[in-house]
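S.K.: Can you read through this structure? Questions will come right after.
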Amino acid sequence: MEKIYSNRKYIIIGLFIAIGLLFIARLFYVQILVDKYILSANNNVLRYITQYPARGLVYDRFGKLLVYNEAAYDLMVIPRQVKILDTNELCRLAGVELKDFIERVKKARNFSKYLPSIFEAQITRENYGFLEEKLYNFPGFYVQLRTLRKYTYPIAAHTLGYIGEVSPEMITRNSYYKSGDYIGISGIEKSYEEILRGKKGLKIRVFDVHNRDMGSFQDGKYDTVSKAGTDLYSSLDAELQIYGELLMSGKRGSIVAIEPSSGEILCLVSSPAYDPNLLIGQARKKNYKILSEDTILVPLFNRALMAMYPPGSTFKLVDALVGQQEGVLFPDTRYGCPGGFAIGDGKIVKCHPHFSPLDLPQAIQYSCNTYFCRVFKSIIDKKPFLSTRQGYENWRKRVMSLGFGKKLGIDLTGELNGNIPSPAYYDKYHGKNRWRSMSIISLAIGQGEIGITPVQLANLTALIANRGFFYTPHIVRAIGTKDNLNQEYTKKRFCDIDPKYFDVVIQGMENVVAAGTATNARIDSIIVCGKTGTAQNPHGKNHSIFLAFAPRDNTKIVISVVVENAGFGATWAAPIASLMIEKYITRMVKRKDLEERMINSNLITGKLLENEKGKGNILPD
Amino acid sequence: MKKEKGIFYRIDWILVVIYLALVLIGWLNIYAAVYDEAHRNIVDLHQKYGKQMIFIIAAILLAMITLLIEPKFFSQFANFFYGISILLLIFVIFTGKEISGSKSWFQIGGFGIQPAEFAKLATCLALAKYLAAIDINLKKPLTLIIAGVLIVLPGILIILQHDTGSAIVFLAFIIVLYRAGLTGFIPLSVVLLPLCGVFALLLPKLILVAILFLVSASVYLYGKRKLRNILIIGAVFLASVGFVLSVDYTVNKVLEPHQRQRIQVLLGSNTDLKGAGYNVNQSLIAIGSGRFVGKGFLEGTQTKYNFVPEQSTDFIFCTIGEEQGFIGSTIIICLFISLFIRIILSAERQRARFSRLYGYGVASILFFHFAINIGMTLGLVPVIGIPLPFVSYGGSSLWAFTLLLFIFIRQDSLRYELI
């Protein structure tokens, strides 16, 4: 009987072998075929802690700190590791509602079970203290240190810009950024992002199942050191900027001031402005919404770069230069002005009363429309040119060499090209070759389809002050240390106009202030040269424009001021420009009642500001 | 008596070598599992690996003593040992120390003794003795019942200690019964039952009943269509339906919560990675991260940082999986399978029925522990805490297994004689 059953040994041995093979197959699956366990293992134990470097600081041209960093704390969560014993306690510590809490963990889990997500961004310093103490009770949660930007003065918001969370598009475009990182979104923060951000570092640390830090992974072999961001020295003069924003309060427009010997921008004011500290931290989303929805003031719009205006009478300076260069105009060229310039069909370009005839410097001094219409006509209709088109093309070339019609190349984003219409445009509008100099005569006085940006106006002024060349306007003068000058902007750019033609124009501009259309811009001890402009605008009152530079020789500052819907150039733009010049050169302003009048007038609502802004309090000593 | 050849030549050295290899591997892996930088000395008696070293030395002494004992001693005193272990099992229910929910340990000094481990050995001896008697026929119901009681009695007592894991091991004796002549139907059912249970938990009841009906119908149609067959098949059909329907009830109402959770984790209906699923998940992560060659001795990050619980006892295989990788794990599995097969083949060449059946008992018990322990670490079997023979940390289990094996080796040295 035994013999029958002895065969059963095969079945039993077979069972043993079958189970053995089953295990080996399962091992193969778990250890070789599938990745998820090794991934989990690495995440289980290793935590990749990004070391965020301090972002570069921004100083003004005299070394005053404009933008600095403040520490903030993000509460992070790795869903896989979460083992919660007391949800309520954690909610209380993090300042989060229970309902919110569940949703956030779900959201983090949907994103990734193994990768960290931000659970609560920018915890206040007080909460961080309480939280850090108790965090060992909540595996899966940890705190990550971040830095936020803070602004010493509530100025230059458009120029300095702000930082915010990086967008998904940017992340796919540039693998340096991970979700939750910060990146410059506008202004200097954006255009100098790569220099300011430094380089992230990485520390890999080992954590055990109780969320205890067990030390560096492999003694830090794979760690990388973070590199702090490089500081920037901007060309801005903080005091001047503060003053400019003060003068422009209650008005729409811009002030651009440049140091002509270097192209460094001394101030870039766009009004209405806002306090840059509004757009940092947890308040940013709320405040940005308010600012961006303000369609009346449109404070987020940088008018100095992104607004285009017709230059008005300031453009006569261009006529004067191009005319001389073309040989159709001389310092003693005289034209009589019967009160206007007839362009046919009974239409007249009107001019304001002044004595007649005028030579070139006087024409500038009194801003005679007739004179420059005639100059313009003679440029376009110059004999060697076979057609209006040819003459216009030549004129356009000269004008564009003065920095108009295309971007200057400033180191901020958003700069407009401006517009000097192409011949093709007029072809389309009037019909091919069916337009003459008379058809486009409004260009002579800076009206019509011409569009310039305030920066381009300031640049023109610099060009004049330098008598024939300019440096690309830029906002950052040195990188890293005060003396490491920004190499991109040290090249002289020459225009098509010969230097000898500038003297007479400068003379005219001096007279404008001394005895011409802008006598209210006079400053006692400084010779100021300027040109008024009153740009007509179909939407409302004329824009008030003024260009100036001072002193006349060894010029320290050139400035362009645009005040929207303000009337004559002399009324608003000129006094503001003059006050700015006085402030910059003498570092103090003597004409107190003029100053007060400028500060307290509100051209937007028409009401007098009664210490509304209170910005006077923030003037530094 | 003739002068016998020295015992030295009749010891099955292959078994001894495999035993020593496993014990050594166990010791090294316990060291790796518990290792931390501050305590590097492998012979540190305050650490588990130091203690295991003591256990191993004691075990080897036990083994040597066993080999010197007169073999008939074991068969003659089998029933006595059985009786003692039953008493101890009862005793520990009242005076034992409670450890993690089960009351199955005696505390003596700094060491614990677990009667259940020795009960397995005693039952193995007693069962072999009973089945080796003349005129035993397992087809007779009375014989079957007595054998069943021998097995089930210690099992029930262990269940009363809340150590369900150790109790389940007694099912291994079915293999012994099978070899001794038990109808194949019973082992088959025991194997199929869990599978049906799994299906019962996973599939809706209606579909299950439908499948059973189809199966029964085809069995009937395929065989002789006698009335008797209809009755038999019908009875089986009803029984299986009853079983299927009762599984749900059993799992939800009879089992304790942690047992229910473990089954759910296995089936995937409970993915709570923090509670019941945590152990298995960590185990799989540790093993899976070993990849092909493993991370190297003492380099396992999962074990080093205590992510796997019970890593020196129930989950010792994780350390092997993580540090020695697929290669190491497969080698261990092959070692064990070779051990079992060797014991079976060795059992077959015994002239004495007692030795043969005892050998089958040894192989079955060892195999059962192996299958459940490693199956659990691989996520194939619900978490049932039983040690991996010779490898897991623990004095009681190591001594019990050592005795289990070496008693057989001693019996085997007289393989040509009738005892």
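Ordering of the structure tokens sets the chain letters (A, B, ...); residue numbers start at 1 within each chain; ligands are numbered from 1 in the order shown.
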Contacts from chain B to chain A, 8 Å maximum, only C-alpha atoms: show me the residue list as a PyMOL selection string.

M.R.: chain B and resi 175+178-181+274+284-292+301-302+305-307+325-326+329-330+333-334+337+340-341+344+348+367+371+374-375+378

S.K.: Hey, what does DSSP flag as helix (DSSP H, G or I) within segment 125-227 of chain B? Can you give it to me as a VMD selection string?

M.R.: chain B and resid 125 to 132 141 to 160 164 to 179 185 to 202 205 to 222 227

S.K.: As an MDAnalysis selection string, please: the residues near segment 58-75 of chain A (cut-off 8 Å, only C-alpha atoms, same-chain neighbours under 4 positions excluded).

M.R.: chainID A and resid 54 118:125 128 141:153 231:238 477

S.K.: Can you work out the spacing between atom CA of Leu188 of chain B and atom CA of Tyr82 of chain B in Å, to one decimal?

M.R.: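 Atom CA of Leu188 of chain B sits 28.0 Å away from atom CA of Tyr82 of chain B.
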
S.K.: Mind pulling up the distance from atom CA of Ala94 of chain A to atom CA of Glu165 of chain A?

M.R.: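 Distance reported for this atom pair: 21.0 Å.
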
S.K.: Please report the interatomic distance between atom CA of Arg398 of chain A and atom CA of Cys495 of chain A in Å with one decimal.

M.R.: 7.8 Å

S.K.: If you count only C-alpha atoms, which residues fall within 12 Å of Val244 of chain B, apart from same-chain ones fewer than 2 positions away, as a PyMOL selection string?

M.R.: chain B and resi 193-212+237-242+246-251

S.K.: I'd like the contact shell of segment 401-406 of chain A - 9 Å cut-off, only C-alpha atoms, skipping same-chain residues fewer than 5 positions apart - returned as an MDAnalysis selection string.

M.R.: chainID A and resid 318 396 416:421 450:453 456:457 459:460 463 468:469 494:497

S.K.: Leaving out Ser544 of chain A and any residue of its chain fewer than 6 positions from it, which residues lie within 10 Å of it when counting only C-alpha atoms, given as a PyMOL selection string?

M.R.: chain A and resi 253+311-312+532-536+561-574

S.K.: Write the residues you've just listed into a file as a short mmCIF file (atom, residue, chain, number, x, y, z; two decimals), in the first residue's frame, and include C-alpha atoms for each of them.

M.R.:
```cif
data_model
loop_
_atom_site.label_atom_id
_atom_site.label_comp_id
_atom_site.auth_asym_id
_atom_site.auth_seq_id
_atom_site.Cartn_x
_atom_site.Cartn_y
_atom_site.Cartn_z
CA GLY A 253 1.82 111.37 -17.99
CA PRO A 311 5.33 115.16 -30.39
CA GLY A 312 3.72 118.49 -31.23
CA THR A 532 7.60 123.41 -25.56
CA GLY A 533 5.13 121.20 -27.29
CA THR A 534 1.39 121.14 -27.26
CA ALA A 535 0.15 117.96 -28.80
CA GLN A 536 -3.36 117.98 -30.13
CA VAL A 561 7.93 115.74 -19.51
CA VAL A 562 4.55 114.76 -20.86
CA VAL A 563 1.39 115.73 -19.02
CA GLU A 564 -1.73 114.39 -20.63
CA ASN A 565 -4.78 116.52 -21.28
CA ALA A 566 -3.21 119.52 -19.65
CA GLY A 567 -3.22 122.20 -22.30
CA PHE A 568 -0.19 124.24 -23.25
CA GLY A 569 3.28 122.82 -22.84
CA ALA A 570 4.31 125.87 -20.97
CA THR A 571 1.61 125.60 -18.35
CA TRP A 572 2.41 122.26 -16.82
CA ALA A 573 5.20 120.39 -18.44
CA ALA A 574 7.70 123.22 -18.43
#
```

S.K.: Looking at only C-alpha atoms, which of B:Ile158, B:Leu87, B:Ile69, B:Ala400 is the one that sits closest to Cys124 of chain B?

M.R.: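 The closest residue to Cys124 of chain B is B:Ala400.
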
S.K.: For Ile348 of chain A, list every protein, DNA or RNA residue within 10 Å, evaluated using only C-alpha atoms, and leave out those in the same chain fewer than 5 positions away; present the list as a PyMOL selection string.

M.R.: chain A and resi 339-343+370

S.K.: Using only C-alpha atoms, pick whichever of A:Phe101, A:Trp435, A:Tyr274, A:Tyr176 has the shortest atom-to-atom distance to Ala157 of chain A.

M.R.: A:Tyr274
